[in-house]
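Raw contents of coords-v6.tsv, TSV, C-alpha atoms:
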```
chain	number	residue	atom	x	y	z
A	194	MET	CA	118.30	32.99	-45.77
A	195	PRO	CA	121.46	31.32	-47.08
A	196	ASN	CA	123.77	33.24	-49.43
A	197	LYS	CA	123.62	30.55	-52.12
A	198	THR	CA	120.89	30.59	-54.72
A	199	PRO	CA	117.88	28.96	-53.04
A	200	THR	CA	116.31	25.84	-54.47
A	201	ILE	CA	112.52	25.70	-54.65
A	202	SER	CA	110.78	22.33	-54.78
A	203	PHE	CA	107.41	22.16	-56.50
A	204	ILE	CA	105.13	19.42	-55.19
A	205	ILE	CA	102.51	18.44	-57.78
A	206	PRO	CA	100.11	15.56	-57.03
A	207	ILE	CA	98.75	13.80	-60.10
A	208	TYR	CA	95.66	11.65	-60.48
A	209	ASN	CA	94.47	10.93	-64.02
A	210	GLU	CA	95.62	14.33	-65.32
A	211	SER	CA	97.12	13.22	-68.65
A	212	GLN	CA	95.14	15.90	-70.48
A	213	ASN	CA	96.55	18.69	-68.30
A	214	ILE	CA	100.08	17.56	-67.46
A	215	GLU	CA	101.89	18.44	-70.68
A	216	TRP	CA	100.69	22.00	-71.20
A	217	HIS	CA	100.85	22.69	-67.46
A	218	HIS	CA	104.42	21.38	-67.20
A	219	LYS	CA	105.55	23.59	-70.08
A	220	LYS	CA	103.89	26.60	-68.48
A	221	ILE	CA	105.58	25.94	-65.14
A	222	VAL	CA	109.03	25.56	-66.70
A	223	ALA	CA	108.59	28.73	-68.76
A	224	GLU	CA	107.61	30.68	-65.65
A	225	LEU	CA	110.45	29.29	-63.54
A	226	HIS	CA	113.05	30.37	-66.09
A	227	LYS	CA	112.14	33.96	-65.22
A	228	LEU	CA	113.00	33.51	-61.53
A	229	PRO	CA	116.47	33.79	-59.94
A	230	THR	CA	116.18	30.42	-58.19
A	231	ASP	CA	117.10	26.82	-58.79
A	232	TYR	CA	114.18	24.39	-58.73
A	233	GLU	CA	113.05	20.81	-58.83
A	234	LEU	CA	109.66	19.48	-59.89
A	235	VAL	CA	108.44	16.62	-57.71
A	236	TYR	CA	105.44	14.92	-59.28
A	237	VAL	CA	103.49	12.40	-57.20
A	238	ASP	CA	101.40	10.03	-59.29
A	239	ASP	CA	98.59	8.98	-56.98
A	240	GLY	CA	97.75	5.67	-58.63
A	241	SER	CA	96.62	7.09	-61.98
A	242	ILE	CA	95.04	4.64	-64.40
A	243	ASP	CA	95.63	6.76	-67.50
A	244	ASN	CA	99.03	7.50	-69.07
A	245	SER	CA	99.99	10.22	-66.56
A	246	LEU	CA	102.98	8.21	-65.32
A	247	ASP	CA	104.29	7.71	-68.86
A	248	LEU	CA	104.28	11.46	-69.39
A	249	LEU	CA	106.13	12.02	-66.12
A	250	LYS	CA	108.80	9.52	-67.14
A	251	GLU	CA	109.18	11.36	-70.43
A	252	PHE	CA	109.65	14.67	-68.61
A	253	ALA	CA	112.24	13.12	-66.28
A	254	LYS	CA	114.12	11.61	-69.23
A	255	HIS	CA	114.76	15.06	-70.71
A	256	ASP	CA	115.12	17.13	-67.53
A	257	LYS	CA	117.08	16.01	-64.47
A	258	ARG	CA	115.17	18.52	-62.35
A	259	VAL	CA	111.99	16.48	-62.82
A	260	LYS	CA	111.45	13.78	-60.19
A	261	PHE	CA	108.48	11.54	-59.63
A	262	LEU	CA	106.93	9.17	-57.16
A	263	SER	CA	104.38	6.63	-58.32
A	264	PHE	CA	102.04	5.07	-55.76
A	265	SER	CA	100.95	1.43	-56.01
A	266	ARG	CA	97.33	2.60	-55.81
A	267	ASN	CA	95.29	5.73	-55.14
A	268	PHE	CA	96.02	6.96	-51.60
A	269	GLY	CA	94.47	10.43	-51.94
A	270	LYS	CA	95.74	13.96	-52.47
A	271	GLU	CA	96.60	14.59	-48.82
A	272	ILE	CA	98.94	11.61	-48.72
A	273	ALA	CA	100.40	12.54	-52.10
A	274	LEU	CA	101.29	16.00	-50.77
A	275	SER	CA	102.92	14.44	-47.71
A	276	ALA	CA	104.93	12.07	-49.91
A	277	GLY	CA	106.15	14.94	-52.08
A	278	LEU	CA	107.17	17.01	-49.08
A	279	SER	CA	109.05	14.07	-47.58
A	280	ALA	CA	110.99	13.57	-50.83
A	281	CYS	CA	111.84	17.16	-51.75
A	282	ILE	CA	115.28	18.66	-51.08
A	283	GLY	CA	114.58	22.37	-51.63
A	284	ASP	CA	115.09	25.24	-49.21
A	285	ALA	CA	111.35	25.76	-49.63
A	286	ALA	CA	108.51	23.93	-51.33
A	287	ILE	CA	105.47	25.17	-53.23
A	288	MET	CA	102.47	22.87	-53.57
A	289	LEU	CA	100.58	23.10	-56.87
A	290	ASP	CA	97.52	21.42	-58.34
A	291	ALA	CA	98.13	19.75	-61.70
A	292	ASP	CA	94.96	21.10	-63.32
A	293	GLY	CA	96.22	24.66	-63.73
A	294	GLN	CA	93.80	26.22	-61.24
A	295	HIS	CA	96.67	27.53	-59.11
A	296	PRO	CA	98.04	30.49	-61.11
A	297	ILE	CA	101.77	29.95	-61.39
A	298	GLU	CA	102.21	33.59	-62.41
A	299	LEU	CA	102.08	34.35	-58.69
A	300	ILE	CA	105.05	32.13	-57.80
A	301	GLY	CA	107.39	35.15	-57.83
A	302	GLN	CA	105.21	36.87	-55.20
A	303	PHE	CA	105.27	33.75	-53.03
A	304	ILE	CA	109.06	33.63	-53.17
A	305	ASP	CA	109.36	37.36	-52.40
A	306	LYS	CA	107.20	36.92	-49.29
A	307	TRP	CA	109.35	33.97	-48.22
A	308	LYS	CA	112.57	35.94	-48.72
A	309	SER	CA	111.14	38.72	-46.58
A	310	GLY	CA	110.96	36.30	-43.63
A	311	TYR	CA	107.66	34.45	-43.75
A	312	LYS	CA	107.84	30.70	-43.17
A	313	VAL	CA	104.52	29.98	-44.88
A	314	VAL	CA	102.91	31.78	-47.81
A	315	THR	CA	99.30	30.75	-48.47
A	316	GLY	CA	97.21	31.33	-51.55
A	317	VAL	CA	93.65	32.42	-50.73
A	318	ARG	CA	91.08	31.70	-53.43
A	319	LYS	CA	88.71	34.62	-53.90
A	320	SER	CA	86.73	33.14	-56.77
A	321	ASN	CA	86.41	30.03	-58.90
A	322	GLN	CA	84.66	30.50	-62.22
A	323	LYS	CA	83.10	27.01	-62.25
A	324	GLU	CA	82.52	26.55	-58.54
A	325	GLY	CA	78.93	25.59	-57.77
A	326	MET	CA	76.76	27.34	-55.22
A	327	VAL	CA	76.62	24.28	-52.97
A	328	LYS	CA	80.40	23.97	-52.85
A	329	ARG	CA	80.88	27.72	-52.35
A	330	TRP	CA	78.42	28.03	-49.49
A	331	GLY	CA	79.51	24.70	-48.04
A	332	SER	CA	83.06	26.00	-47.85
A	333	ARG	CA	81.95	29.19	-46.10
A	334	ILE	CA	79.89	27.28	-43.56
A	335	TYR	CA	82.77	24.86	-42.92
A	336	TYR	CA	85.27	27.64	-42.19
A	337	LYS	CA	82.74	29.49	-40.03
A	338	ILE	CA	82.12	26.43	-37.85
A	339	PHE	CA	85.75	25.27	-37.84
A	340	ASN	CA	87.14	28.63	-36.74
A	341	SER	CA	84.55	28.90	-33.97
A	342	ILE	CA	85.46	25.57	-32.36
A	343	ALA	CA	89.03	24.64	-33.37
A	344	SER	CA	92.15	25.66	-31.46
A	345	SER	CA	93.95	26.67	-34.68
A	346	LYS	CA	92.30	29.08	-37.10
A	347	SER	CA	92.08	28.87	-40.89
A	348	VAL	CA	91.53	31.75	-43.29
A	349	PRO	CA	88.37	31.20	-45.40
A	350	GLY	CA	89.37	30.35	-48.94
A	351	ALA	CA	92.88	29.22	-47.95
A	352	THR	CA	94.10	26.49	-50.30
A	353	ASP	CA	96.91	23.97	-50.63
A	354	PHE	CA	98.57	26.45	-53.00
A	355	ARG	CA	101.23	27.51	-50.53
A	356	LEU	CA	104.94	27.84	-49.95
A	357	LEU	CA	106.60	26.14	-47.00
A	358	ASP	CA	110.03	26.95	-45.65
A	359	ARG	CA	112.39	24.00	-45.06
A	360	GLN	CA	111.85	24.33	-41.30
A	361	VAL	CA	108.10	23.96	-41.79
A	362	ILE	CA	108.62	20.97	-44.10
A	363	ASP	CA	110.77	19.23	-41.49
A	364	GLU	CA	108.29	19.88	-38.69
A	365	PHE	CA	105.39	18.76	-40.86
A	366	GLY	CA	107.23	15.51	-41.50
A	367	LYS	CA	107.18	14.77	-37.76
A	368	LEU	CA	103.38	14.78	-37.57
A	369	PRO	CA	102.12	11.18	-37.21
A	370	GLU	CA	98.51	11.56	-38.40
A	371	LYS	CA	97.32	9.23	-41.13
A	372	ASN	CA	93.89	10.85	-41.50
A	373	ARG	CA	95.24	14.26	-42.38
A	374	LEU	CA	94.13	17.55	-43.83
A	375	THR	CA	97.37	19.16	-44.96
A	376	ARG	CA	96.35	22.80	-44.78
A	377	ASN	CA	94.96	22.44	-41.25
A	378	LEU	CA	98.10	20.70	-40.02
A	379	ILE	CA	100.28	23.46	-41.49
A	380	ASP	CA	98.11	26.08	-39.81
A	381	TRP	CA	98.37	24.13	-36.55
A	382	LEU	CA	102.19	24.33	-36.68
A	383	GLY	CA	101.79	28.08	-36.18
A	384	PHE	CA	104.68	29.52	-38.24
A	385	SER	CA	104.52	33.11	-39.50
A	386	THR	CA	102.23	33.22	-42.51
A	387	ALA	CA	101.62	35.65	-45.36
A	388	TYR	CA	98.55	35.50	-47.61
A	389	ILE	CA	98.22	36.15	-51.32
A	390	ASP	CA	94.78	36.40	-52.92
A	391	PHE	CA	94.11	34.82	-56.28
A	392	HIS	CA	91.26	34.08	-58.66
A	393	SER	CA	91.18	30.49	-59.81
A	394	PRO	CA	91.00	29.98	-63.59
A	395	PRO	CA	88.76	27.20	-64.92
A	396	ARG	CA	90.08	23.71	-65.67
A	397	LEU	CA	90.86	23.25	-69.35
A	398	TYR	CA	90.24	19.50	-69.30
A	399	GLY	CA	88.69	16.91	-67.04
A	400	VAL	CA	86.81	17.28	-63.78
A	401	ALA	CA	87.96	17.81	-60.21
A	402	ALA	CA	89.03	14.61	-58.44
A	403	TYR	CA	87.33	15.70	-55.21
A	404	SER	CA	83.67	14.69	-55.37
A	405	PRO	CA	81.12	16.21	-52.96
A	406	ARG	CA	81.27	12.97	-50.94
A	407	LYS	CA	85.05	13.24	-50.59
A	408	LEU	CA	84.82	16.91	-49.64
A	409	VAL	CA	82.28	16.13	-46.91
A	410	ALA	CA	84.50	13.31	-45.62
A	411	LEU	CA	87.48	15.68	-45.62
A	412	ALA	CA	85.52	18.30	-43.69
A	413	ILE	CA	84.41	15.75	-41.08
A	414	ASN	CA	87.99	14.56	-40.70
A	415	GLY	CA	89.08	18.17	-40.21
A	416	PHE	CA	86.65	18.58	-37.32
A	417	VAL	CA	87.49	15.25	-35.70
A	418	SER	CA	91.26	15.73	-36.00
A	419	HIS	CA	91.48	19.28	-34.73
A	420	THR	CA	88.92	19.74	-31.99
A	421	MET	CA	87.33	17.79	-29.16
A	422	LEU	CA	84.56	20.35	-28.70
A	423	PRO	CA	81.79	18.29	-30.40
A	424	LEU	CA	82.46	15.49	-27.94
A	425	ARG	CA	82.29	17.92	-25.04
A	426	ILE	CA	79.11	19.51	-26.41
A	427	SER	CA	77.42	16.11	-26.54
A	428	ALA	CA	78.28	15.62	-22.88
A	429	TYR	CA	76.98	19.10	-21.99
A	430	VAL	CA	73.75	18.51	-23.91
A	431	GLY	CA	73.30	15.16	-22.19
A	432	MET	CA	73.73	16.74	-18.76
A	433	PHE	CA	71.36	19.58	-19.65
A	434	ILE	CA	68.66	17.23	-20.93
A	435	THR	CA	69.01	15.00	-17.87
A	436	PHE	CA	68.75	17.97	-15.52
A	437	MET	CA	65.80	19.52	-17.34
A	438	SER	CA	63.94	16.22	-17.61
A	439	PHE	CA	64.37	15.74	-13.86
A	440	LEU	CA	62.98	19.19	-13.10
A	441	ILE	CA	60.06	18.82	-15.52
A	442	GLY	CA	59.31	15.32	-14.25
A	443	LEU	CA	59.36	16.53	-10.66
A	444	ALA	CA	57.10	19.49	-11.48
A	445	LEU	CA	54.59	17.27	-13.29
A	446	PHE	CA	54.64	14.73	-10.48
A	447	ILE	CA	53.87	17.44	-7.90
A	448	GLU	CA	51.18	18.95	-10.14
A	449	MET	CA	49.39	15.64	-10.71
A	450	PHE	CA	49.67	13.94	-7.33
A	451	PRO	CA	50.22	16.21	-4.28
A	452	LEU	CA	48.24	19.08	-5.88
A	453	GLY	CA	45.61	16.89	-7.58
A	454	ASP	CA	46.13	18.14	-11.16
A	455	PRO	CA	44.77	21.72	-10.78
A	456	LEU	CA	45.86	22.49	-14.35
A	457	HIS	CA	43.86	19.52	-15.68
A	458	LEU	CA	46.79	18.18	-17.69
A	459	SER	CA	45.68	14.57	-17.26
A	460	ILE	CA	49.09	13.20	-18.19
A	461	SER	CA	49.34	9.50	-17.45
A	462	GLY	CA	52.47	8.00	-16.04
A	463	THR	CA	52.94	5.80	-19.09
A	464	ALA	CA	52.67	8.71	-21.53
A	465	PHE	CA	55.02	10.78	-19.40
A	466	LEU	CA	57.59	7.99	-19.28
A	467	ALA	CA	57.32	7.18	-23.00
A	468	LEU	CA	57.75	10.84	-23.97
A	469	PHE	CA	60.94	11.36	-22.02
A	470	LEU	CA	62.41	7.95	-22.80
A	471	THR	CA	61.96	8.56	-26.53
A	472	PHE	CA	63.59	11.98	-26.27
A	473	LEU	CA	66.50	10.72	-24.21
A	474	VAL	CA	67.07	7.76	-26.53
A	475	GLY	CA	67.43	10.26	-29.38
A	476	ILE	CA	70.01	12.24	-27.41
A	477	VAL	CA	71.93	9.07	-26.63
A	478	LEU	CA	72.01	8.12	-30.28
A	479	VAL	CA	73.32	11.57	-31.27
A	480	CYS	CA	76.06	11.29	-28.66
A	481	GLN	CA	76.96	7.81	-29.85
A	482	GLY	CA	77.28	9.14	-33.38
A	483	LEU	CA	79.73	11.81	-32.24
A	484	LEU	CA	81.69	9.28	-30.24
A	485	ALA	CA	81.86	7.01	-33.27
A	486	LEU	CA	83.70	9.70	-35.25
A	487	TYR	CA	86.39	9.93	-32.62
A	488	ILE	CA	86.63	6.17	-32.17
A	489	GLU	CA	87.09	5.79	-35.91
A	490	ASN	CA	89.88	8.37	-35.89
A	491	ILE	CA	91.61	6.60	-32.99
A	492	HIS	CA	91.25	3.27	-34.76
A	493	VAL	CA	92.98	4.52	-37.92
A	494	GLU	CA	95.79	6.15	-35.96
A	495	THR	CA	96.54	3.02	-33.94
A	496	GLN	CA	96.77	0.80	-37.04
A	497	GLN	CA	100.24	2.27	-37.73
A	498	ARG	CA	100.08	1.57	-41.45
A	499	PRO	CA	102.52	3.42	-43.72
A	500	LEU	CA	101.25	6.67	-45.19
A	501	PHE	CA	101.97	5.46	-48.70
A	502	VAL	CA	103.61	2.67	-50.67
A	503	VAL	CA	106.01	3.75	-53.43
A	504	GLU	CA	105.99	1.34	-56.32
A	505	GLU	CA	108.38	3.21	-58.60
A	506	THR	CA	110.62	6.27	-58.28
A	507	ASN	CA	113.70	7.85	-59.81
A	508	ILE	CA	114.61	9.69	-56.60
A	509	LYS	CA	117.75	8.49	-54.87
A	510	PRO	CA	117.75	8.35	-51.04
A	511	THR	CA	119.26	11.44	-49.45
A	512	ASN	CA	120.31	12.27	-45.92
A	513	LYS	CA	118.65	15.51	-44.93
```
Translate the structure described by the file into structure tokens.
Amino acid sequence: MPNKTPTISFIIPIYNESQNIEWHHKKIVAELHKLPTDYELVYVDDGSIDNSLDLLKEFAKHDKRVKFLSFSRNFGKEIALSAGLSACIGDAAIMLDADGQHPIELIGQFIDKWKSGYKVVTGVRKSNQKEGMVKRWGSRIYYKIFNSIASSKSVPGATDFRLLDRQVIDEFGKLPEKNRLTRNLIDWLGFSTAYIDFHSPPRLYGVAAYSPRKLVALAINGFVSHTMLPLRISAYVGMFITFMSFLIGLALFIEMFPLGDPLHLSISGTAFLALFLTFLVGIVLVCQGLLALYIENIHVETQQRPLFVVEETNIKPTNK
């Protein structure tokens, strides 16, 4: 750790959070005044269509520590986090949701863990007062499957509420993925990590931006981006089905023709062929579906489009 007072960057993605921004901003500033650190607040407006950007400009007008990026359209939270991390100048960065569900009272604990030597400090959600049963059990199932097949492991309940050391930020910036799940990529980097449990308070206003459809898409992307095992499994299943169908077909052929059908199965050749062709066509379609996920991922990566387009910012270019 350097001898100078460390600077902590706070990365806060915003999407139509005008009802939450003002009270949340005041709460953050009040909490940060208690800490022996310098700080900057980096807001990333992810194409909001309400007056969120106007509020951010007002904050920046009265406080030079407030910076903002405003996207030309909605690019998604994962890209917004990446944009904030690429723009921040702190010795460490803490990612926060703008809806107040990441308890900022724990920021001091995050910083203490960082000062003790950890490169990453991750908040682990233990409860969410308004989380539905489907989302709760879906999350548990996702982590169970992901940790059983992926090369890098994730702690169930781990969130984007985490602190990253400058070294982690710089390494994260080198990752080229465009379809990205930030928390999984940070886990993949493998730096020493501490965990802090928290209970998520309810949102005061509005609803979560992540719909069930978006969460499912994010989970699928997490699987596709971090493991090739489903593709291998499809190949293994295909080989197994082919082998078993050959053995069963051979056994039925011997039973019906050389042995004269002693079991009285009376299976016609047409029925036998139709049964196995239908089954194998189903297997082929399943395998094609798995392949399609990977082909889609490759397609997006090879497009080489920019991660985001900044339409407006008050951040001056810096050489880091």
ask   = Between atom CA of A:Ile389 and atom CA of A:Ser347, what is the spacing in Å?
value =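 Atom-to-atom, atom CA of A:Ser347 and atom CA of A:Ile389 are spaced 14.1 Å apart.
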task = Write out as a VMD selection string which residues come within 12 Å of stretch 303-307 of chain A when counting all atoms listed in the file, dropping same-chain ones fewer than 4 positions away.
result = chain A and resid 194 199 to 202 225 228 to 232 284 to 288 296 to 299 311 to 317 354 to 359 361 384 to 391
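Comparing the minimum interatomic distances between A:Ser211 and each of A:Ser265, A:Ser320, A:Thr506, A:Asn244, counting all atoms listed in the file, we find that A:Asn244 sits nearest.
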task = Considering only C-alpha atoms, return as a PyMOL selection string whatever protein or nucleic-acid residues lie within 9 Å of A:Ser263, sequence-local ones (same chain, fewer than 6 positions apart) excluded.
result = chain A and resi 236-241+246+502-506
query = How many Å lie between atom CA of A:Ala351 and atom CA of A:Lys319, rounded to one decimal?
reply =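 Atom-to-atom, atom CA of A:Ala351 and atom CA of A:Lys319 are spaced 9.1 Å apart.
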query = Which of these residues is nearest to A:Asn507, using only C-alpha atoms: A:Ala280, A:Ile242, A:Ala223, A:Ile204?
reply =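 With only C-alpha atoms as the atom set, the closest residue is A:Ala280.
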ask   = From the set A:Ile426, A:Leu397, A:Leu374, A:Val235, which residue has the shortest atom-to-atom contact distance to A:Asn213, counting all atoms listed in the file?
value =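 Among the listed residues, the smallest separation from A:Asn213 belongs to A:Leu397.
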ask   = So what do you get for atom CA of A:Leu248 versus atom CA of A:Glu210, distance-wise?
value =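 Result for atom CA of A:Leu248 versus atom CA of A:Glu210: 10.0 Å, one decimal.
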ask   = Using all atoms listed in the file, which of the listed residues (A:Lys220, A:Asn372, A:Phe436, A:Leu456) sits closest to A:Asn490?
value =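 Checking each of A:Lys220, A:Asn372, A:Phe436, A:Leu456 against A:Asn490, counting all atoms listed in the file, the winner is A:Asn372.
Between A:Val493 and the residues A:Glu370, A:Ile379, A:Ser279, A:Phe433, the shortest atom-to-atom distance, using all atoms listed in the file, involves A:Glu370.
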